[in-house]
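Peer 1: See input.txt below, with compact mmCIF, N, CA and C atoms.
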```txt
# COMPACT_ATOMS: atom_id res chain seq x y z
N MET A 1 115.26 89.47 98.44
CA MET A 1 113.96 88.92 98.12
C MET A 1 112.89 89.97 98.40
N PRO A 2 112.01 90.27 97.44
CA PRO A 2 110.95 91.24 97.68
C PRO A 2 109.99 90.70 98.75
N THR A 3 109.60 91.55 99.68
CA THR A 3 108.74 91.10 100.77
C THR A 3 107.35 90.69 100.31
N GLU A 4 106.86 91.30 99.23
CA GLU A 4 105.51 90.98 98.79
C GLU A 4 105.47 89.85 97.78
N LYS A 5 106.60 89.17 97.54
CA LYS A 5 106.65 88.07 96.58
C LYS A 5 105.58 87.04 96.93
N GLY A 6 104.75 86.72 95.97
CA GLY A 6 103.71 85.74 96.17
C GLY A 6 102.43 86.29 96.79
N TRP A 7 102.42 87.53 97.24
CA TRP A 7 101.23 88.11 97.85
C TRP A 7 100.83 89.41 97.16
N GLU A 8 101.05 89.50 95.85
CA GLU A 8 100.58 90.68 95.13
C GLU A 8 99.06 90.59 95.00
N ASN A 9 98.42 91.68 94.65
CA ASN A 9 96.97 91.76 94.46
C ASN A 9 96.22 91.40 95.75
N THR A 10 96.70 91.95 96.86
CA THR A 10 96.18 91.57 98.17
C THR A 10 95.40 92.71 98.82
N LEU A 11 94.36 92.33 99.54
CA LEU A 11 93.59 93.28 100.32
C LEU A 11 93.55 92.78 101.76
N ARG A 12 93.13 93.65 102.65
CA ARG A 12 93.11 93.31 104.06
C ARG A 12 91.77 93.71 104.67
N ILE A 13 91.22 92.81 105.47
CA ILE A 13 90.07 93.13 106.32
C ILE A 13 90.64 93.27 107.73
N ASP A 14 90.59 94.49 108.25
CA ASP A 14 91.19 94.79 109.55
C ASP A 14 90.11 94.77 110.62
N MET A 15 90.26 93.85 111.57
CA MET A 15 89.32 93.73 112.68
C MET A 15 89.98 94.08 114.01
N SER A 16 91.17 94.65 113.95
CA SER A 16 91.96 94.89 115.15
C SER A 16 91.39 95.98 116.05
N GLN A 17 90.57 96.87 115.52
CA GLN A 17 90.05 97.98 116.31
C GLN A 17 88.72 97.66 116.98
N LEU A 18 88.21 96.45 116.78
CA LEU A 18 86.93 96.08 117.38
C LEU A 18 87.09 95.92 118.90
N PRO A 19 86.07 96.29 119.66
CA PRO A 19 86.15 96.13 121.12
C PRO A 19 86.15 94.66 121.54
N GLU A 20 85.66 93.79 120.67
CA GLU A 20 85.60 92.36 120.93
C GLU A 20 85.90 91.64 119.62
N ARG A 21 86.76 90.67 119.65
CA ARG A 21 87.16 89.99 118.42
C ARG A 21 86.16 88.90 118.03
N PRO A 22 85.78 88.85 116.76
CA PRO A 22 84.88 87.78 116.32
C PRO A 22 85.59 86.43 116.38
N LYS A 23 84.79 85.39 116.51
CA LYS A 23 85.33 84.03 116.52
C LYS A 23 85.79 83.67 115.11
N GLU A 24 86.72 82.71 115.04
CA GLU A 24 87.21 82.26 113.74
C GLU A 24 86.07 81.76 112.86
N SER A 25 85.10 81.07 113.44
CA SER A 25 83.96 80.57 112.68
C SER A 25 83.14 81.72 112.09
N GLU A 26 83.04 82.84 112.81
CA GLU A 26 82.32 84.01 112.30
C GLU A 26 83.06 84.64 111.12
N ILE A 27 84.39 84.64 111.19
CA ILE A 27 85.19 85.20 110.10
C ILE A 27 85.06 84.32 108.86
N ILE A 28 85.10 83.02 109.04
CA ILE A 28 84.94 82.10 107.91
C ILE A 28 83.56 82.27 107.28
N ALA A 29 82.54 82.41 108.11
CA ALA A 29 81.18 82.64 107.60
C ALA A 29 81.11 83.95 106.82
N LEU A 30 81.76 85.01 107.33
CA LEU A 30 81.79 86.29 106.63
C LEU A 30 82.43 86.13 105.26
N LEU A 31 83.58 85.47 105.21
CA LEU A 31 84.26 85.28 103.92
C LEU A 31 83.39 84.48 102.97
N GLY A 32 82.68 83.49 103.49
CA GLY A 32 81.78 82.69 102.65
C GLY A 32 80.66 83.52 102.04
N LYS A 33 80.26 84.59 102.72
CA LYS A 33 79.20 85.46 102.21
C LYS A 33 79.72 86.50 101.22
N ILE A 34 80.90 87.06 101.48
CA ILE A 34 81.33 88.22 100.68
C ILE A 34 82.30 87.89 99.55
N VAL A 35 82.98 86.74 99.62
CA VAL A 35 83.90 86.36 98.54
C VAL A 35 83.12 85.51 97.54
N LEU A 36 82.92 86.06 96.36
CA LEU A 36 82.16 85.38 95.31
C LEU A 36 83.08 84.52 94.45
N PRO A 37 82.54 83.47 93.83
CA PRO A 37 83.36 82.63 92.95
C PRO A 37 84.03 83.42 91.82
N SER A 38 83.38 84.48 91.36
CA SER A 38 83.93 85.30 90.28
C SER A 38 84.99 86.29 90.75
N ASP A 39 85.26 86.37 92.05
CA ASP A 39 86.21 87.33 92.58
C ASP A 39 87.66 87.00 92.25
N GLY A 40 87.96 85.76 91.92
CA GLY A 40 89.34 85.40 91.59
C GLY A 40 90.20 85.14 92.82
N LEU A 41 89.61 84.58 93.86
CA LEU A 41 90.35 84.31 95.09
C LEU A 41 91.49 83.32 94.84
N VAL A 42 92.69 83.69 95.30
CA VAL A 42 93.85 82.81 95.25
C VAL A 42 94.02 82.14 96.61
N ARG A 43 94.02 82.95 97.68
CA ARG A 43 94.15 82.43 99.04
C ARG A 43 93.77 83.51 100.04
N ALA A 44 93.48 83.04 101.25
CA ALA A 44 93.15 83.95 102.34
C ALA A 44 93.91 83.48 103.58
N HIS A 45 94.24 84.44 104.43
CA HIS A 45 94.99 84.10 105.64
C HIS A 45 94.54 84.99 106.79
N LEU A 46 94.21 84.37 107.92
CA LEU A 46 93.87 85.11 109.13
C LEU A 46 95.12 85.24 109.97
N ASN A 47 95.53 86.47 110.22
CA ASN A 47 96.63 86.73 111.14
C ASN A 47 95.98 86.93 112.51
N ALA A 48 96.05 85.89 113.34
CA ALA A 48 95.36 85.90 114.63
C ALA A 48 96.01 86.86 115.64
N VAL A 49 97.25 87.25 115.42
CA VAL A 49 97.92 88.18 116.32
C VAL A 49 97.43 89.60 116.07
N LEU A 50 97.45 90.02 114.82
CA LEU A 50 97.04 91.38 114.45
C LEU A 50 95.54 91.48 114.20
N PHE A 51 94.90 90.37 114.05
CA PHE A 51 93.50 90.24 113.69
C PHE A 51 93.17 90.95 112.38
N HIS A 52 93.94 90.57 111.37
CA HIS A 52 93.72 90.99 109.99
C HIS A 52 93.47 89.73 109.17
N VAL A 53 92.61 89.85 108.17
CA VAL A 53 92.44 88.79 107.18
C VAL A 53 93.03 89.32 105.89
N TYR A 54 94.02 88.63 105.37
CA TYR A 54 94.62 88.99 104.09
C TYR A 54 94.01 88.11 103.02
N ILE A 55 93.59 88.72 101.92
CA ILE A 55 92.96 88.01 100.82
C ILE A 55 93.70 88.36 99.55
N GLN A 56 94.18 87.34 98.85
CA GLN A 56 94.87 87.57 97.58
C GLN A 56 93.96 87.19 96.44
N MET A 57 93.89 88.08 95.45
CA MET A 57 93.11 87.84 94.23
C MET A 57 94.06 87.59 93.06
N LYS A 58 93.53 87.06 91.97
CA LYS A 58 94.35 86.77 90.79
C LYS A 58 94.91 88.04 90.16
N THR A 59 94.10 89.11 90.13
CA THR A 59 94.55 90.35 89.51
C THR A 59 94.29 91.54 90.44
N MET A 60 95.01 92.62 90.22
CA MET A 60 94.79 93.84 91.00
C MET A 60 93.40 94.39 90.74
N GLU A 61 92.91 94.27 89.52
CA GLU A 61 91.57 94.74 89.19
C GLU A 61 90.52 94.01 90.04
N GLN A 62 90.67 92.71 90.21
CA GLN A 62 89.74 91.94 91.04
C GLN A 62 89.83 92.39 92.50
N ALA A 63 91.04 92.64 92.98
CA ALA A 63 91.21 93.11 94.36
C ALA A 63 90.54 94.48 94.55
N LYS A 64 90.74 95.38 93.59
CA LYS A 64 90.12 96.71 93.67
C LYS A 64 88.60 96.61 93.65
N ASN A 65 88.07 95.77 92.77
CA ASN A 65 86.62 95.59 92.67
C ASN A 65 86.05 95.05 93.98
N PHE A 66 86.76 94.11 94.59
CA PHE A 66 86.31 93.54 95.86
C PHE A 66 86.25 94.62 96.93
N VAL A 67 87.29 95.43 97.03
CA VAL A 67 87.33 96.49 98.03
C VAL A 67 86.20 97.49 97.78
N GLU A 68 86.02 97.93 96.54
CA GLU A 68 84.96 98.89 96.21
C GLU A 68 83.58 98.33 96.53
N ARG A 69 83.37 97.05 96.25
CA ARG A 69 82.07 96.43 96.47
C ARG A 69 81.77 96.21 97.96
N ASN A 70 82.80 96.02 98.77
CA ASN A 70 82.58 95.64 100.17
C ASN A 70 82.94 96.68 101.22
N ARG A 71 83.71 97.69 100.87
CA ARG A 71 84.13 98.69 101.85
C ARG A 71 82.91 99.40 102.45
N GLY A 72 82.87 99.46 103.78
CA GLY A 72 81.80 100.16 104.47
C GLY A 72 80.48 99.42 104.54
N LYS A 73 80.44 98.16 104.11
CA LYS A 73 79.18 97.42 104.06
C LYS A 73 79.11 96.26 105.05
N HIS A 74 80.22 95.89 105.66
CA HIS A 74 80.22 94.71 106.53
C HIS A 74 80.81 95.05 107.88
N GLY A 75 80.24 94.48 108.89
CA GLY A 75 80.72 94.72 110.24
C GLY A 75 80.04 93.80 111.22
N ILE A 76 80.12 94.17 112.48
CA ILE A 76 79.58 93.36 113.56
C ILE A 76 78.96 94.30 114.59
N THR A 77 77.88 93.85 115.20
CA THR A 77 77.24 94.62 116.26
C THR A 77 77.70 94.07 117.61
N ILE A 78 78.29 94.93 118.41
CA ILE A 78 78.78 94.56 119.73
C ILE A 78 78.18 95.53 120.74
N GLY A 79 77.46 95.00 121.70
CA GLY A 79 76.84 95.87 122.72
C GLY A 79 75.87 96.87 122.14
N GLY A 80 75.19 96.49 121.07
CA GLY A 80 74.22 97.37 120.43
C GLY A 80 74.82 98.43 119.52
N VAL A 81 76.14 98.41 119.34
CA VAL A 81 76.81 99.40 118.49
C VAL A 81 77.38 98.68 117.27
N ARG A 82 77.12 99.22 116.10
CA ARG A 82 77.61 98.63 114.84
C ARG A 82 79.04 99.11 114.58
N HIS A 83 79.95 98.15 114.34
CA HIS A 83 81.35 98.44 114.03
C HIS A 83 81.64 97.87 112.64
N LEU A 84 82.08 98.71 111.73
CA LEU A 84 82.40 98.26 110.37
C LEU A 84 83.82 97.74 110.30
N TYR A 85 84.02 96.72 109.47
CA TYR A 85 85.36 96.22 109.20
C TYR A 85 86.05 97.17 108.23
N ASP A 86 87.32 97.41 108.43
CA ASP A 86 88.12 98.23 107.53
C ASP A 86 88.63 97.33 106.42
N ILE A 87 88.16 97.53 105.19
CA ILE A 87 88.55 96.71 104.04
C ILE A 87 89.31 97.59 103.07
N GLU A 88 90.60 97.31 102.90
CA GLU A 88 91.47 98.15 102.07
C GLU A 88 92.46 97.31 101.28
N LEU A 89 92.97 97.87 100.19
CA LEU A 89 94.07 97.25 99.45
C LEU A 89 95.32 97.34 100.31
N VAL A 90 96.19 96.36 100.16
CA VAL A 90 97.45 96.34 100.91
C VAL A 90 98.57 96.75 99.98
N ASP A 91 99.42 97.66 100.46
CA ASP A 91 100.62 98.05 99.75
C ASP A 91 101.79 97.54 100.57
N GLY A 92 102.39 96.45 100.16
CA GLY A 92 103.47 95.83 100.91
C GLY A 92 104.65 96.75 101.14
N ALA A 93 104.79 97.80 100.34
CA ALA A 93 105.91 98.72 100.51
C ALA A 93 105.74 99.60 101.73
N VAL A 94 104.50 99.83 102.16
CA VAL A 94 104.29 100.74 103.27
C VAL A 94 103.60 100.10 104.47
N ASP A 95 103.05 98.92 104.32
CA ASP A 95 102.36 98.26 105.40
C ASP A 95 103.35 97.40 106.17
N GLU A 96 103.87 97.92 107.28
CA GLU A 96 104.91 97.22 108.04
C GLU A 96 104.44 95.86 108.55
N ASN A 97 103.19 95.76 108.99
CA ASN A 97 102.68 94.48 109.47
C ASN A 97 102.70 93.44 108.35
N TYR A 98 102.32 93.86 107.16
CA TYR A 98 102.31 92.98 106.00
C TYR A 98 103.72 92.50 105.69
N LYS A 99 104.68 93.44 105.68
CA LYS A 99 106.06 93.08 105.34
C LYS A 99 106.64 92.11 106.36
N ILE A 100 106.46 92.39 107.63
CA ILE A 100 107.04 91.53 108.67
C ILE A 100 106.42 90.14 108.61
N PHE A 101 105.11 90.06 108.56
CA PHE A 101 104.44 88.76 108.60
C PHE A 101 104.78 87.91 107.38
N PHE A 102 104.65 88.49 106.18
CA PHE A 102 104.84 87.68 105.00
C PHE A 102 106.28 87.39 104.69
N THR A 103 107.20 88.22 105.13
CA THR A 103 108.62 87.89 104.99
C THR A 103 108.93 86.66 105.82
N ARG A 104 108.44 86.62 107.04
CA ARG A 104 108.68 85.47 107.91
C ARG A 104 107.98 84.23 107.39
N SER A 105 106.77 84.38 106.85
CA SER A 105 106.04 83.25 106.31
C SER A 105 106.79 82.62 105.15
N GLN A 106 107.36 83.45 104.28
CA GLN A 106 108.06 82.95 103.12
C GLN A 106 109.37 82.30 103.51
N GLU A 107 110.02 82.81 104.56
CA GLU A 107 111.26 82.21 105.00
C GLU A 107 111.03 80.81 105.55
N ALA A 108 109.82 80.57 106.10
CA ALA A 108 109.48 79.27 106.66
C ALA A 108 109.20 78.25 105.57
N ASP A 109 108.82 78.72 104.37
CA ASP A 109 108.47 77.81 103.25
C ASP A 109 109.66 77.04 102.75
```
Would you write out, as C-alpha cells, the structure that this file holds?
Peer 2:
Amino acid sequence: MPTEKGWENTLRIDMSQLPERPKESEIIALLGKIVLPSDGLVRAHLNAVLFHVYIQMKTMEQAKNFVERNRGKHGITIGGVRHLYDIELVDGAVDENYKIFFTRSQEAD
C-alpha cells in the first residue's frame, strides 16, 4: 500500500521549532484566516505530537499556490520575537514523519 494514498496534494505548516506552542484555538483561527474557499481544501489535520498541520488540497496546483501565497507571511510573536511558520509542500516519499503518521492512520481506518 502506498504510504501517501489518500493524502496527495498535501502541504505542511510546521510549528515544531517554536519556543512555545500555539493553542489549538489559535491554529484553527489561523487556518480560518489563510485557507480561502477557492483554495480547494479537502481536509486538514493537526499532528499534536510533531506539531505539524497537514492540509490536503484537491490539486497539486492549488497546494503549490497556497504555499507560494503564504510562505514567509504568517507566524507568531513570542517574547517580543517574531517566529514564522514553515509552510512547505509535503513529499511523502522523503518526509519520514508524514509516512509514519499517515501509514498508521490509514491502517486504523
Peer 1: From the list A:Glu26, A:Asp91, A:Glu8, A:Asp14, which residue is nearest A:Leu50 when using all atoms listed in the file?
Peer 2: A:Asp14
Peer 1: Applying 6.5 Å and only N, CA and C atoms, which residues near A:Val53 remain after dropping the ones on its own chain fewer than 2 positions away? List them as a ChimeraX atom specification.
Peer 2: /A:11-15,44-47,51,55
Peer 1: Identify which of the residues A:Val67, A:Asn9, A:Ile34, A:Gln17 lies closest to A:His83, counting only N, CA and C atoms when measuring atom-to-atom distances.
Peer 2: A:Gln17
Peer 1: Could you work out how far atom C of A:Gly75 lies from atom C of A:Gln62, giving the answer in Å with one decimal?
Peer 2: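 Distance reported for this atom pair: 21.2 Å.
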Peer 1: Please, what distance in Å, to one decimal, runs between atom CA of A:Leu41 and atom N of A:Trp7?
Peer 2: 12.7 Å
Peer 1: Select, from A:Val81, A:Glu88, A:His52, A:Ala29, the residue with the minimum atom-to-atom distance to A:Glu68, counting only N, CA and C atoms.
Peer 2: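 Ranked by minimum distance to A:Glu68, first place goes to A:Glu88.
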Peer 1: Near A:Pro37, within 12 Å and counting only C-alpha atoms, which residues show up once chain neighbours fewer than 3 positions away are dropped, as an mmCIF file with N, CA and C atoms, keeping the file's coordinate frame?
Peer 2:
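For reference, result19.cif as written:
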```cif
data_model
loop_
_atom_site.group_PDB
_atom_site.id
_atom_site.type_symbol
_atom_site.label_atom_id
_atom_site.label_comp_id
_atom_site.auth_asym_id
_atom_site.auth_seq_id
_atom_site.Cartn_x
_atom_site.Cartn_y
_atom_site.Cartn_z
ATOM 1 N N LEU A 31 83.580 85.470 105.210
ATOM 2 C CA LEU A 31 84.260 85.280 103.920
ATOM 3 C C LEU A 31 83.390 84.480 102.970
ATOM 4 N N GLY A 32 82.680 83.490 103.490
ATOM 5 C CA GLY A 32 81.780 82.690 102.650
ATOM 6 C C GLY A 32 80.660 83.520 102.040
ATOM 7 N N LYS A 33 80.260 84.590 102.720
ATOM 8 C CA LYS A 33 79.200 85.460 102.210
ATOM 9 C C LYS A 33 79.720 86.500 101.220
ATOM 10 N N ILE A 34 80.900 87.060 101.480
ATOM 11 C CA ILE A 34 81.330 88.220 100.680
ATOM 12 C C ILE A 34 82.300 87.890 99.550
ATOM 13 N N GLY A 40 87.960 85.760 91.920
ATOM 14 C CA GLY A 40 89.340 85.400 91.590
ATOM 15 C C GLY A 40 90.200 85.140 92.820
ATOM 16 N N LEU A 41 89.610 84.580 93.860
ATOM 17 C CA LEU A 41 90.350 84.310 95.090
ATOM 18 C C LEU A 41 91.490 83.320 94.840
ATOM 19 N N VAL A 42 92.690 83.690 95.300
ATOM 20 C CA VAL A 42 93.850 82.810 95.250
ATOM 21 C C VAL A 42 94.020 82.140 96.610
ATOM 22 N N MET A 57 93.890 88.080 95.450
ATOM 23 C CA MET A 57 93.110 87.840 94.230
ATOM 24 C C MET A 57 94.060 87.590 93.060
ATOM 25 N N LYS A 58 93.530 87.060 91.970
ATOM 26 C CA LYS A 58 94.350 86.770 90.790
ATOM 27 C C LYS A 58 94.910 88.040 90.160
ATOM 28 N N GLN A 62 90.670 92.710 90.210
ATOM 29 C CA GLN A 62 89.740 91.940 91.040
ATOM 30 C C GLN A 62 89.830 92.390 92.500
ATOM 31 N N PHE A 66 86.760 94.110 94.590
ATOM 32 C CA PHE A 66 86.310 93.540 95.860
ATOM 33 C C PHE A 66 86.250 94.620 96.930
#
```
